[in-house]
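Data block for start15.txt (compact mmCIF, C-alpha atoms):
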# COMPACT_ATOMS: atom_id res chain seq x y z
CA MET Q 1 -0.48 -7.01 -13.21
CA SER Q 2 -1.30 -9.65 -10.63
CA ARG Q 3 2.32 -10.75 -10.28
CA PHE Q 4 5.66 -8.94 -10.44
CA GLU Q 5 9.23 -10.12 -10.09
CA ARG Q 6 12.70 -8.71 -10.52
CA THR Q 7 16.25 -9.59 -9.69
CA ALA Q 8 18.39 -7.12 -7.74
CA GLY Q 9 22.03 -7.03 -6.79
CA PRO Q 10 24.62 -8.30 -6.31
CA ILE Q 11 24.69 -6.57 -2.93
CA THR Q 12 28.02 -4.77 -2.49
CA ARG Q 13 29.83 -3.43 0.55
CA THR Q 14 29.64 0.00 -1.10
CA GLN Q 15 25.85 -0.31 -1.24
CA ILE Q 16 25.71 -1.33 2.43
CA VAL Q 17 27.85 1.68 3.36
CA ARG Q 18 25.71 3.97 1.21
CA PHE Q 19 22.60 2.71 2.98
CA ALA Q 20 24.30 3.16 6.37
CA GLY Q 21 24.81 6.80 5.40
CA ALA Q 22 21.26 7.11 4.10
CA ALA Q 23 19.50 5.57 7.08
CA GLY Q 24 21.94 6.45 9.85
CA ASP Q 25 22.61 2.84 10.85
CA PHE Q 26 26.30 2.70 11.76
CA ASN Q 27 26.27 -0.60 13.62
CA PRO Q 28 29.84 -1.79 12.79
CA MET Q 29 28.51 -5.29 12.13
CA HIS Q 30 27.43 -4.02 8.70
CA HIS Q 31 30.60 -2.26 7.49
CA ASP Q 32 33.59 -3.20 9.69
CA GLU Q 33 34.91 -6.61 8.62
CA PRO Q 34 37.31 -7.13 11.60
CA PHE Q 35 34.45 -6.25 13.98
CA ALA Q 36 32.05 -8.70 12.30
CA LEU Q 37 34.71 -11.46 12.38
CA SER Q 38 35.41 -10.81 16.07
CA ALA Q 39 31.67 -11.18 16.71
CA GLY Q 40 31.74 -14.65 15.16
CA GLN Q 41 30.24 -13.73 11.80
CA PRO Q 42 31.86 -14.82 8.54
CA GLY Q 43 31.97 -11.15 7.51
CA VAL Q 44 29.79 -8.06 7.25
CA PHE Q 45 26.17 -8.50 6.22
CA ALA Q 46 23.44 -6.10 5.10
CA MET Q 47 21.14 -4.44 7.61
CA GLY Q 48 17.64 -5.89 7.20
CA GLN Q 49 16.31 -2.43 6.41
CA LEU Q 50 18.39 -2.42 3.21
CA GLN Q 51 16.61 -5.42 1.71
CA ALA Q 52 13.30 -4.14 3.15
CA ALA Q 53 13.83 -0.89 1.23
CA MET Q 54 14.87 -2.76 -1.94
CA LEU Q 55 11.65 -4.79 -1.80
CA ALA Q 56 9.73 -1.55 -1.13
CA ALA Q 57 11.30 0.01 -4.25
CA MET Q 58 9.99 -2.92 -6.28
CA VAL Q 59 6.53 -2.41 -4.74
CA ALA Q 60 6.63 1.30 -5.66
CA ASP Q 61 7.53 0.48 -9.28
CA TRP Q 62 4.89 -2.23 -9.48
CA LEU Q 63 1.90 -0.65 -7.72
CA GLY Q 64 2.84 3.07 -7.73
CA ALA Q 65 4.14 4.57 -4.48
CA GLU Q 66 1.16 6.95 -4.27
CA ASN Q 67 -1.27 3.98 -4.18
CA VAL Q 68 0.42 2.11 -1.35
CA VAL Q 69 -1.40 2.42 1.99
CA GLY Q 70 0.59 -0.16 3.93
CA TYR Q 71 3.79 -2.19 3.67
CA GLY Q 72 5.43 -4.64 6.03
CA VAL Q 73 8.26 -7.17 6.19
CA ARG Q 74 9.58 -9.92 8.40
CA PHE Q 75 13.30 -10.59 8.38
CA ARG Q 76 14.05 -14.26 7.71
CA ASP Q 77 17.73 -14.57 6.90
CA LYS Q 78 20.87 -12.48 6.50
CA VAL Q 79 21.93 -11.02 3.16
CA TRP Q 80 25.65 -11.09 2.33
CA PRO Q 81 27.83 -9.10 -0.07
CA GLY Q 82 27.66 -10.85 -3.43
CA ASP Q 83 24.08 -12.07 -2.95
CA ARG Q 84 21.60 -11.48 -5.74
CA LEU Q 85 18.00 -11.26 -4.62
CA VAL Q 86 14.81 -12.26 -6.38
CA LEU Q 87 12.11 -9.79 -5.29
CA SER Q 88 8.54 -10.78 -6.04
CA GLY Q 89 4.94 -9.95 -5.26
CA GLU Q 90 1.55 -11.38 -6.00
CA VAL Q 91 -1.96 -9.98 -5.56
CA THR Q 92 -3.85 -12.37 -3.30
CA GLU Q 93 -7.05 -10.46 -2.64
CA GLU Q 94 -8.93 -7.38 -3.76
CA LEU Q 95 -11.52 -5.82 -1.51
CA ASP Q 96 -13.22 -2.40 -1.71
CA GLY Q 97 -10.68 -1.05 -4.18
CA VAL Q 98 -7.66 -2.17 -2.17
CA ARG Q 99 -5.35 -4.95 -3.30
CA LEU Q 100 -3.58 -7.13 -0.75
CA CYS Q 101 -0.25 -8.45 -2.02
CA GLU Q 102 2.10 -11.05 -0.63
CA LEU Q 103 5.78 -10.28 -1.08
CA LYS Q 104 9.03 -12.12 -0.69
CA ALA Q 105 12.73 -11.84 -1.31
CA THR Q 106 14.85 -14.92 -1.86
CA ARG Q 107 18.56 -15.40 -2.42
CA LYS Q 108 19.03 -16.21 -6.11
CA ALA Q 109 21.89 -18.68 -5.56
CA ASP Q 110 20.09 -21.11 -3.26
CA GLY Q 111 16.48 -19.92 -3.10
CA ALA Q 112 16.73 -19.19 0.65
CA LEU Q 113 13.96 -16.93 1.92
CA VAL Q 114 15.42 -13.68 3.29
CA LEU Q 115 12.25 -11.57 3.62
CA THR Q 116 8.53 -12.12 3.61
CA GLY Q 117 6.18 -9.19 3.39
CA TRP Q 118 2.89 -7.72 2.38
CA ALA Q 119 1.58 -4.56 0.80
CA ARG Q 120 -1.84 -2.99 0.57
CA ALA Q 121 -2.48 -0.64 -2.34
CA ARG Q 122 -5.42 1.21 -3.81
CA VAL Q 123 -6.37 -0.05 -7.26
CA MET G 1 14.25 -7.86 30.15
CA ALA G 2 11.15 -6.30 28.65
CA ASP G 3 7.81 -6.57 30.42
CA ALA G 4 4.19 -5.53 29.90
CA SER G 5 4.51 -2.58 32.32
CA GLN G 6 6.55 -0.81 29.61
CA VAL G 7 3.58 -0.47 27.24
CA GLY G 8 2.98 3.24 26.65
CA LEU G 9 6.53 4.22 27.60
CA VAL G 10 7.88 7.06 25.45
CA ILE G 11 11.38 6.16 24.26
CA ASP G 12 12.38 9.28 22.34
CA GLU G 13 11.16 11.99 20.02
CA VAL G 14 12.59 13.11 16.69
CA ASP G 15 12.00 16.19 14.53
CA PHE G 16 13.95 16.23 11.27
CA PRO G 17 13.85 17.64 7.74
CA VAL G 18 13.08 15.63 4.59
CA GLU G 19 16.26 16.61 2.72
CA GLU G 20 16.90 16.21 -0.99
CA GLY G 21 20.45 14.90 -0.50
CA LYS G 22 19.44 12.26 2.05
CA LEU G 23 16.53 11.28 -0.19
CA ARG G 24 18.85 10.87 -3.17
CA GLU G 25 21.37 8.82 -1.15
CA PHE G 26 18.56 6.57 0.11
CA ALA G 27 17.01 6.12 -3.36
CA VAL G 28 20.35 5.20 -4.95
CA ALA G 29 21.23 2.76 -2.15
CA VAL G 30 17.98 0.81 -2.50
CA GLY G 31 17.19 1.12 -6.22
CA HIS G 32 14.20 3.42 -5.82
CA GLY G 33 13.78 4.64 -9.37
CA ASP G 34 10.93 7.15 -9.24
CA PRO G 35 12.35 10.62 -8.45
CA ARG G 36 8.84 12.02 -7.87
CA SER G 37 8.12 9.81 -4.89
CA VAL G 38 9.72 9.29 -1.51
CA PRO G 39 10.90 5.71 -0.86
CA LEU G 40 8.26 3.82 1.15
CA THR G 41 10.57 3.07 4.07
CA PHE G 42 12.22 6.51 4.12
CA THR G 43 11.27 7.10 7.78
CA THR G 44 14.15 4.78 8.71
CA VAL G 45 16.35 7.90 8.23
CA ALA G 46 15.09 8.82 11.71
CA GLY G 47 18.05 6.62 12.72
CA HIS G 48 20.21 9.74 12.28
CA TRP G 49 18.21 11.50 14.94
CA ARG G 50 17.74 8.87 17.63
CA GLY G 51 20.00 6.30 19.23
CA GLN G 52 19.41 2.56 19.36
CA GLN G 53 21.77 2.21 22.31
CA ALA G 54 19.70 4.63 24.40
CA MET G 55 16.52 2.73 23.48
CA VAL G 56 18.05 -0.61 24.44
CA GLU G 57 19.22 0.81 27.78
CA LEU G 58 15.89 2.49 28.53
CA LEU G 59 14.04 -0.79 27.99
CA GLY G 60 16.62 -2.75 30.01
CA LEU G 61 17.42 -5.06 27.09
CA GLU G 62 20.61 -6.97 26.48
CA LEU G 63 21.83 -5.83 23.06
CA ALA G 64 23.44 -9.18 22.20
CA ARG G 65 20.04 -10.92 22.55
CA ILE G 66 18.06 -8.44 20.42
CA VAL G 67 17.14 -9.01 16.79
CA VAL G 68 14.67 -7.05 14.69
CA GLY G 69 11.88 -9.39 13.68
CA GLY G 70 10.02 -7.13 11.29
CA SER G 71 8.87 -3.64 10.40
CA GLU G 72 5.72 -2.17 8.94
CA TRP G 73 4.50 1.17 7.68
CA GLU G 74 1.06 2.77 7.23
CA TYR G 75 0.76 5.69 4.84
CA HIS G 76 -1.72 8.44 5.69
CA ALA G 77 -0.48 11.50 3.81
CA SER G 78 2.30 12.24 1.34
CA ILE G 79 5.69 13.63 2.29
CA ALA G 80 8.03 15.63 0.09
CA VAL G 81 11.36 17.44 0.17
CA GLY G 82 11.02 20.47 2.42
CA ASP G 83 8.65 18.83 4.91
CA ARG G 84 9.71 18.16 8.46
CA LEU G 85 8.74 14.96 10.25
CA ARG G 86 8.16 14.80 13.96
CA GLY G 87 7.45 11.59 15.82
CA ARG G 88 7.50 10.06 19.25
CA ARG G 89 8.63 6.45 19.56
CA VAL G 90 6.51 4.53 22.09
CA VAL G 91 6.26 0.95 23.30
CA LYS G 92 3.07 -0.33 21.69
CA ALA G 93 3.06 -3.94 22.87
CA VAL G 94 5.12 -6.43 24.82
CA ALA G 95 4.29 -10.10 24.41
CA GLN G 96 5.86 -13.34 25.50
CA LYS G 97 6.23 -16.17 23.02
CA GLN G 98 7.40 -19.71 23.53
CA GLY G 99 10.17 -20.64 21.09
CA SER G 100 12.02 -23.91 20.64
CA ARG G 101 14.93 -22.66 22.80
CA GLY G 102 12.86 -20.99 25.51
CA SER G 103 10.71 -17.98 26.10
CA MET G 104 11.19 -14.89 23.91
CA MET G 105 9.83 -11.39 24.32
CA LEU G 106 8.35 -9.51 21.36
CA ILE G 107 8.52 -5.75 21.78
CA THR G 108 6.62 -3.58 19.30
CA LEU G 109 7.72 0.05 18.99
CA GLU G 110 5.54 2.55 17.15
CA THR G 111 6.37 5.99 15.78
CA ARG G 112 3.63 8.21 14.36
CA PHE G 113 5.37 10.72 12.07
CA HIS G 114 3.54 14.02 11.64
CA ARG G 115 4.36 16.72 9.08
CA SER G 116 4.92 20.27 10.28
CA ASP G 117 1.32 21.14 9.31
CA GLY G 118 0.21 18.62 11.94
CA GLN G 119 -1.03 16.02 9.44
CA LEU G 120 -0.23 12.41 10.32
CA ALA G 121 1.91 11.14 7.42
CA VAL G 122 3.43 7.74 8.25
CA VAL G 123 3.14 5.26 11.10
CA GLN G 124 6.12 2.91 11.51
CA ARG G 125 6.14 -0.15 13.75
CA ASP G 126 9.22 -2.24 14.49
CA THR G 127 9.11 -5.53 16.33
CA LEU G 128 12.18 -6.39 18.38
CA ILE G 129 12.75 -9.94 19.55
CA GLU G 130 14.58 -10.53 22.81
CA LEU G 131 15.97 -14.05 22.41
CA PRO G 132 16.12 -16.52 25.31
CA ALA G 133 19.15 -16.01 27.58
Would you mind giving the structure from this file in structure tokens?
Amino acid sequence: MSRFERTAGPITRTQIVRFAGAAGDFNPMHHDEPFALSAGQPGVFAMGQLQAAMLAAMVADWLGAENVVGYGVRFRDKVWPGDRLVLSGEVTEELDGVRLCELKATRKADGALVLTGWARARV
Amino acid sequence: MADASQVGLVIDEVDFPVEEGKLREFAVAVGHGDPRSVPLTFTTVAGHWRGQQAMVELLGLELARIVVGGSEWEYHASIAVGDRLRGRRVVKAVAQKQGSRGSMMLITLETRFHRSDGQLAVVQRDTLIELPA
């Protein structure tokens, strides 16, 4: 498949807390609403590594985790509880048995780009 | 403030087990559906074994001005439940970049995670951005 897309979410506070426990990221900005408000945010928001891992899970389902030789993301915008994400990837090049794919995650409600990324995978 | 003299600086070292429970928690949190494989960004669990505050202090950064710009992973060998991962986090690059609001510093940190048999398994790089004051 040269293109793959799926919708994920909505992101919940429970999911953010579960990921905090999984990854060991207990920055209160991501789970403590009064703290986030006092820091001038409208509320808690997901740690970028949560959406990075969600996009990576899509890549693993699409290309097979065992084939992936590299994966990377750039964080573009915050993800909030309630957001649904559209995760997508497209093969842009194939060279010496390795496919280069461009990836992105956008917020379903307004199309805002939250992550861009790439993956390299053996065919 | 970060500067080029910090390239090569060792920030910290971790040595931790790849545990089934942590793997399960991670997979459920992110929607990783294949129970036979380890999520591609699983090395972020190293966060349990090293402190961001200590890293920020060691590099002389101001936490309020730091954002993570991006992360990337290279996969060299498989990892599975029962393995241990050991890795040293080092400053790989420090670069200055002109932004619309002033000069920013880009700090790239690299951790090369080795399995207990010595095999290099995963290389993770994180780029921190120190925003203009």
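Coordinates place atom CA of Arg107 of chain Q at a distance of 21.6 Å from atom CA of Glu33 of chain Q.
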Counting only C-alpha atoms, what are the residues of segment 55-123 of chain Q within 10 Å of segment 23-38 of chain G, and for each of them which pair of atoms is the nearest and at what distance in Å, to one decimal? Sort the table by chain and rising number, as a tab-separated table.
residue	atom	partner	partner_atom	distance
Q:Leu55	CA	G:Val30	CA	8.5
Q:Ala56	CA	G:His32	CA	8.2
Q:Ala57	CA	G:His32	CA	4.7
Q:Met58	CA	G:His32	CA	7.6
Q:Val59	CA	G:His32	CA	9.7
Q:Ala60	CA	G:His32	CA	7.9
Q:Asp61	CA	G:Asp34	CA	7.5
Q:Gly64	CA	G:Ser37	CA	9.0
Q:Ala65	CA	G:Ser37	CA	6.6
Q:Glu66	CA	G:Ser37	CA	7.6
For a cutoff of 12 Å around the file-coordinate point (22.3, 12.0, 15.7), which residues qualify once you count all atoms listed in the file? I'd like the result as a ChimeraX atom specification. /Q:21,23-26 /G:13-16,45-54
Quick one: distance from atom CA of Gly8 of chain G to atom CA of Lys97 of chain G in Å, one decimal? 20.0 Å
Identify every residue of chain Q that has at least one atom within 7 Å of any atom of chain G, counting only C-alpha atoms, and report the result as a ChimeraX atom specification. /Q:15,18-19,22-25,50,53-54,56-57,65,69-75
Who sits within 8 Å of Ala105 of chain Q, all atoms listed in the file, same chain under 5 positions skipped, as a count of residues only: 9
Looking at all atoms listed in the file, which of Q:Pro34, Q:Pro81, Q:Pro28, Q:Gly111 is the one that sits closest to Gln51 of chain Q? Q:Pro81
